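Remarks on the structure that follows.
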Amino acid sequence: MNYDLMLEFIKEKLEATDGIASKNPLHDFRNRYYHSKRVYEWCKRIHTDLECDLEVLYTAAIFHDVGRGSLKENHAHVGALIFKEYAKDHNFSEEFTNRVYDLIEHHSDKNQIKDKNSSNELVLLLEADLLDEEGALGIVWDLMALGKMENKDYYDAMEALKHAKHILKQDYMVTPLAKEIWEHKKELVRVFIDDLAKDLFLEE
């Protein structure tokens, strides 16, 4: 499989459909192409805890958000259809195409991550998608958004860390390595928030 070719394809597709950047003006730094690359890298990092078809997993990771340019339709379904056309043009087997198609189609249903009927590939894809833009990147997300607002100061940062904070009460991960990484991200957020409160003399 030529994953570099796939990455180039989704970049061009997202650019063509105006789906590469978030439509939220406070979050226009979020890039769907780079997100897809990182989800692909997360899959490579965490897959070792489950037996899976890596070609299916990696391909689904690259294509999972390629349908984001659609404003009126379910992006997962649109992305699955885009992949199906790509697969046809590249003579992928029907079995391979159907397996990747199903992963893309269902990647937005986070409830399936702990469903015993979910395939190992779907569990890993869901974990990888959830791991991105959390922890350190979650903090950066909030502070970059804060920087786009007017007349803000250091004290506003504590209130602004809403995205970063949301993982503190969540326990999505299934595989041991993903759980370990998730807990590390949560601890990093906790420490950052505690240190920020101390530096601003807001601690109780």
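To be explicit about the labels: the chains of the structure tokens are called A, B, and onward in the order shown, and within each one the residues are counted from 1, while ligands get numbers from 1 in the order they are shown.
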
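Within 9 Å of A:Leu50, once only C-alpha atoms are used and residues closer than 6 positions along the same chain are dropped, the contacting residues are Asn120, Glu121, Leu124 and Thr175 of chain A.
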
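Using only C-alpha atoms, the protein and nucleic acid residues lying no more than 6 Å from stretch 157-165 of chain A, apart from those fewer than 6 places from it along its own chain, are A:Gly138, A:Ile139, A:Asp142.
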
>> Taking 4 positions as the minimum chain separation for residues in the same chain, which residues sit within 7 Å of stretch 182-192 of chain A when counting only C-alpha atoms? Answer as an MDAnalysis selection string.
In response: chainID A and resid 131 134:135 164:165 167:168 178 196

Only N, CA and C atoms, please: the residues just picked out, written as a short mmCIF file (atom, residue, chain, number, x, y, z; two decimals), in the first residue's frame.
data_model
loop_
_atom_site.label_atom_id
_atom_site.label_comp_id
_atom_site.auth_asym_id
_atom_site.auth_seq_id
_atom_site.Cartn_x
_atom_site.Cartn_y
_atom_site.Cartn_z
N LEU A 131 -7.49 10.07 20.65
CA LEU A 131 -6.22 10.47 21.26
C LEU A 131 -5.68 11.78 20.67
N GLU A 134 -5.69 15.98 22.18
CA GLU A 134 -5.94 15.94 23.62
C GLU A 134 -4.61 16.12 24.35
N GLY A 135 -4.69 16.31 25.65
CA GLY A 135 -3.46 16.50 26.42
C GLY A 135 -2.80 17.81 26.04
N ALA A 164 -9.46 21.22 26.86
CA ALA A 164 -8.42 20.44 27.54
C ALA A 164 -8.97 19.69 28.75
N LYS A 165 -9.88 20.33 29.48
CA LYS A 165 -10.41 19.76 30.72
C LYS A 165 -11.36 18.59 30.48
N ILE A 167 -11.34 15.82 29.06
CA ILE A 167 -10.90 14.42 29.16
C ILE A 167 -10.75 13.96 30.61
N LEU A 168 -10.75 14.90 31.55
CA LEU A 168 -10.49 14.53 32.94
C LEU A 168 -11.53 13.58 33.51
N ALA A 178 -3.13 2.41 24.84
CA ALA A 178 -3.96 3.60 24.68
C ALA A 178 -4.41 4.13 26.04
N LEU A 196 -1.06 26.53 36.70
CA LEU A 196 -1.58 27.83 36.25
C LEU A 196 -2.32 28.52 37.39
#

> Rounded to one decimal in Å, what is the spacing between atom CA of A:Glu133 and atom CA of A:Gln170?
Replying inline: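 These two atoms are separated by 14.5 Å.
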
>> Using DSSP secondary structure from the backbone, list all alpha helix (DSSP H) positions within stretch 90-189 of chain A, as an MDAnalysis selection string.
In response: chainID A and resid 94:106 120:131 136:147 154:160 162:165 176:189

Do a neighbour search on stretch 79-94 of chain A at 9 Å with only C-alpha atoms, toss out local chain neighbours closer than 2 positions, and write the hits as a PDB file with C-alpha atoms, in the first residue's frame.
ATOM      1  CA  MET A   6      -3.277   8.196  -0.090  1.00  0.00           C
ATOM      2  CA  PHE A   9      -5.070  12.300  -2.321  1.00  0.00           C
ATOM      3  CA  ALA A  60      -9.126   3.755   7.183  1.00  0.00           C
ATOM      4  CA  PHE A  63      -9.402   8.357   4.844  1.00  0.00           C
ATOM      5  CA  HIS A  64     -11.593   8.633   7.940  1.00  0.00           C
ATOM      6  CA  ASP A  65     -12.223  12.408   7.682  1.00  0.00           C
ATOM      7  CA  VAL A  66     -11.902  12.895   3.915  1.00  0.00           C
ATOM      8  CA  GLY A  67     -15.643  13.635   3.760  1.00  0.00           C
ATOM      9  CA  ARG A  68     -15.350  16.709   5.991  1.00  0.00           C
ATOM     10  CA  ASN A  74     -22.813  12.776   7.310  1.00  0.00           C
ATOM     11  CA  HIS A  75     -19.070  13.202   6.779  1.00  0.00           C
ATOM     12  CA  ALA A  76     -18.362   9.567   7.688  1.00  0.00           C
ATOM     13  CA  HIS A  77     -20.725   8.300   4.997  1.00  0.00           C
ATOM     14  CA  PHE A  96     -10.432  -4.952   1.461  1.00  0.00           C
ATOM     15  CA  THR A  97     -12.599  -2.130   0.127  1.00  0.00           C
ATOM     16  CA  ASN A  98     -15.635  -3.239   2.128  1.00  0.00           C
ATOM     17  CA  ARG A  99     -13.681  -3.558   5.379  1.00  0.00           C
ATOM     18  CA  VAL A 100     -12.150  -0.093   5.068  1.00  0.00           C
ATOM     19  CA  TYR A 101     -15.494   1.345   3.950  1.00  0.00           C
ATOM     20  CA  ASP A 102     -17.187  -0.010   7.093  1.00  0.00           C
ATOM     21  CA  LEU A 103     -14.513   1.464   9.369  1.00  0.00           C
ATOM     22  CA  ILE A 104     -14.847   4.911   7.817  1.00  0.00           C
ATOM     23  CA  GLU A 105     -18.655   4.671   7.908  1.00  0.00           C
TER      24      GLU A 105
END

> Neighbours of A:Lys11 within 12 Å (only C-alpha atoms; same-chain residues fewer than 5 positions away dropped), as a list in words?
Replying inline: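 The residues that qualify are Asp4, Leu5, Met6, Ala16, Thr17, Asp18, Gly19, Ile20, Ala21, Asn31, Arg32, Tyr33, Tyr34, His35, Ser36, Lys37, Ile62, Phe63, Asp65, Val66, Gly67, Arg68 and Gly69 of chain A.
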
Would you write out those residues with C-alpha atoms, as a PDB file, in the first residue's frame?
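The resulting file, again21.pdb, is reproduced below:
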ATOM      1  CA  ASP A   4       1.982   8.606   0.962  1.00  0.00           C
ATOM      2  CA  LEU A   5      -0.133   8.552  -2.194  1.00  0.00           C
ATOM      3  CA  MET A   6      -3.277   8.196  -0.090  1.00  0.00           C
ATOM      4  CA  ALA A  16     -10.986  20.944  -3.266  1.00  0.00           C
ATOM      5  CA  THR A  17     -14.061  20.598  -1.029  1.00  0.00           C
ATOM      6  CA  ASP A  18     -13.013  23.355   1.398  1.00  0.00           C
ATOM      7  CA  GLY A  19     -12.913  20.788   4.167  1.00  0.00           C
ATOM      8  CA  ILE A  20      -9.329  21.166   5.300  1.00  0.00           C
ATOM      9  CA  ALA A  21      -9.885  23.845   7.963  1.00  0.00           C
ATOM     10  CA  ASN A  31      -6.346  21.209   9.881  1.00  0.00           C
ATOM     11  CA  ARG A  32      -8.173  18.009   8.843  1.00  0.00           C
ATOM     12  CA  TYR A  33      -5.282  16.834   6.711  1.00  0.00           C
ATOM     13  CA  TYR A  34      -2.796  17.029   9.584  1.00  0.00           C
ATOM     14  CA  HIS A  35      -5.378  15.487  11.899  1.00  0.00           C
ATOM     15  CA  SER A  36      -5.689  12.523   9.525  1.00  0.00           C
ATOM     16  CA  LYS A  37      -1.908  12.163   9.382  1.00  0.00           C
ATOM     17  CA  ILE A  62      -5.958   8.140   6.455  1.00  0.00           C
ATOM     18  CA  PHE A  63      -9.402   8.357   4.844  1.00  0.00           C
ATOM     19  CA  ASP A  65     -12.223  12.408   7.682  1.00  0.00           C
ATOM     20  CA  VAL A  66     -11.902  12.895   3.915  1.00  0.00           C
ATOM     21  CA  GLY A  67     -15.643  13.635   3.760  1.00  0.00           C
ATOM     22  CA  ARG A  68     -15.350  16.709   5.991  1.00  0.00           C
ATOM     23  CA  GLY A  69     -15.891  19.065   3.062  1.00  0.00           C
TER      24      GLY A  69
END

> Looking at only C-alpha atoms, which of A:Lys148, A:Lys198, A:Lys114, A:Lys179 is the one that sits closest to A:Asp49?
Replying inline: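 So, comparing all the options, the nearest one is A:Lys179.
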
>> Set the distance at 8 Å and use only C-alpha atoms: which residues neighbour stretch 125-130 of chain A once local chain neighbours fewer than 4 positions away are removed? I'd like the list as a list in words.
In response: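 Residues meeting the cut-off are Val39, Tyr40, Trp42, Cys43, Ile46, Leu57, Ala60, Ala61, Leu103, His107, Ser108, Lys110, Ile113, Glu121, Glu134, Tyr172, Met173, Val174 and Ala178 of chain A.
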
Could you save those same residues with N, CA and C atoms as a compact mmCIF listing (two decimals), in the first residue's frame?
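Saved result, selection05.txt, follows:
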# COMPACT_ATOMS: atom_id res chain seq x y z
N VAL A 39 -3.76 10.77 13.17
CA VAL A 39 -4.54 9.57 13.50
C VAL A 39 -3.85 8.34 12.91
N TYR A 40 -3.36 8.47 11.71
CA TYR A 40 -2.57 7.39 11.07
C TYR A 40 -1.36 7.05 11.94
N TRP A 42 -1.01 7.67 15.17
CA TRP A 42 -1.50 7.08 16.42
C TRP A 42 -1.79 5.59 16.23
N CYS A 43 -2.37 5.24 15.09
CA CYS A 43 -2.64 3.83 14.81
C CYS A 43 -1.35 3.02 14.78
N ILE A 46 -0.23 2.54 18.56
CA ILE A 46 -1.00 1.80 19.57
C ILE A 46 -1.49 0.43 19.11
N LEU A 57 -6.45 -1.00 8.72
CA LEU A 57 -6.45 0.03 9.76
C LEU A 57 -5.82 1.32 9.27
N ALA A 60 -7.94 3.12 6.59
CA ALA A 60 -9.13 3.76 7.18
C ALA A 60 -8.74 5.00 7.96
N ALA A 61 -7.62 4.95 8.67
CA ALA A 61 -7.17 6.12 9.44
C ALA A 61 -6.91 7.31 8.51
N LEU A 103 -15.20 0.73 8.30
CA LEU A 103 -14.51 1.46 9.37
C LEU A 103 -14.75 2.96 9.24
N HIS A 107 -16.74 5.36 12.06
CA HIS A 107 -15.72 5.91 12.95
C HIS A 107 -16.22 7.03 13.86
N SER A 108 -17.38 7.59 13.57
CA SER A 108 -17.91 8.67 14.41
C SER A 108 -18.73 8.16 15.59
N LYS A 110 -18.59 6.74 18.68
CA LYS A 110 -17.62 6.42 19.73
C LYS A 110 -18.13 5.35 20.70
N ILE A 113 -16.60 1.77 20.68
CA ILE A 113 -15.25 1.48 21.13
C ILE A 113 -15.23 0.38 22.19
N GLU A 121 -9.89 -3.56 14.45
CA GLU A 121 -9.52 -2.40 13.65
C GLU A 121 -10.37 -1.19 14.00
N GLU A 134 -5.69 15.98 22.18
CA GLU A 134 -5.94 15.94 23.62
C GLU A 134 -4.61 16.12 24.35
N TYR A 172 -12.36 6.56 27.73
CA TYR A 172 -12.74 5.90 26.49
C TYR A 172 -11.91 4.67 26.16
N MET A 173 -10.64 4.69 26.53
CA MET A 173 -9.70 3.73 25.96
C MET A 173 -9.94 2.29 26.39
N VAL A 174 -9.58 1.37 25.51
CA VAL A 174 -9.78 -0.07 25.73
C VAL A 174 -8.45 -0.80 25.84
N ALA A 178 -3.13 2.41 24.84
CA ALA A 178 -3.96 3.60 24.68
C ALA A 178 -4.41 4.13 26.04

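Nearest-residue note for A:Phe201: choosing from A:Tyr155, A:Thr59, A:Trp141, A:Lys116, the minimum distance belongs to A:Tyr155, counting only C-alpha atoms.
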
> How many Å lie between atom CA of A:Asn2 and atom CA of A:Leu137, rounded to one decimal?
Replying inline: 28.3 Å
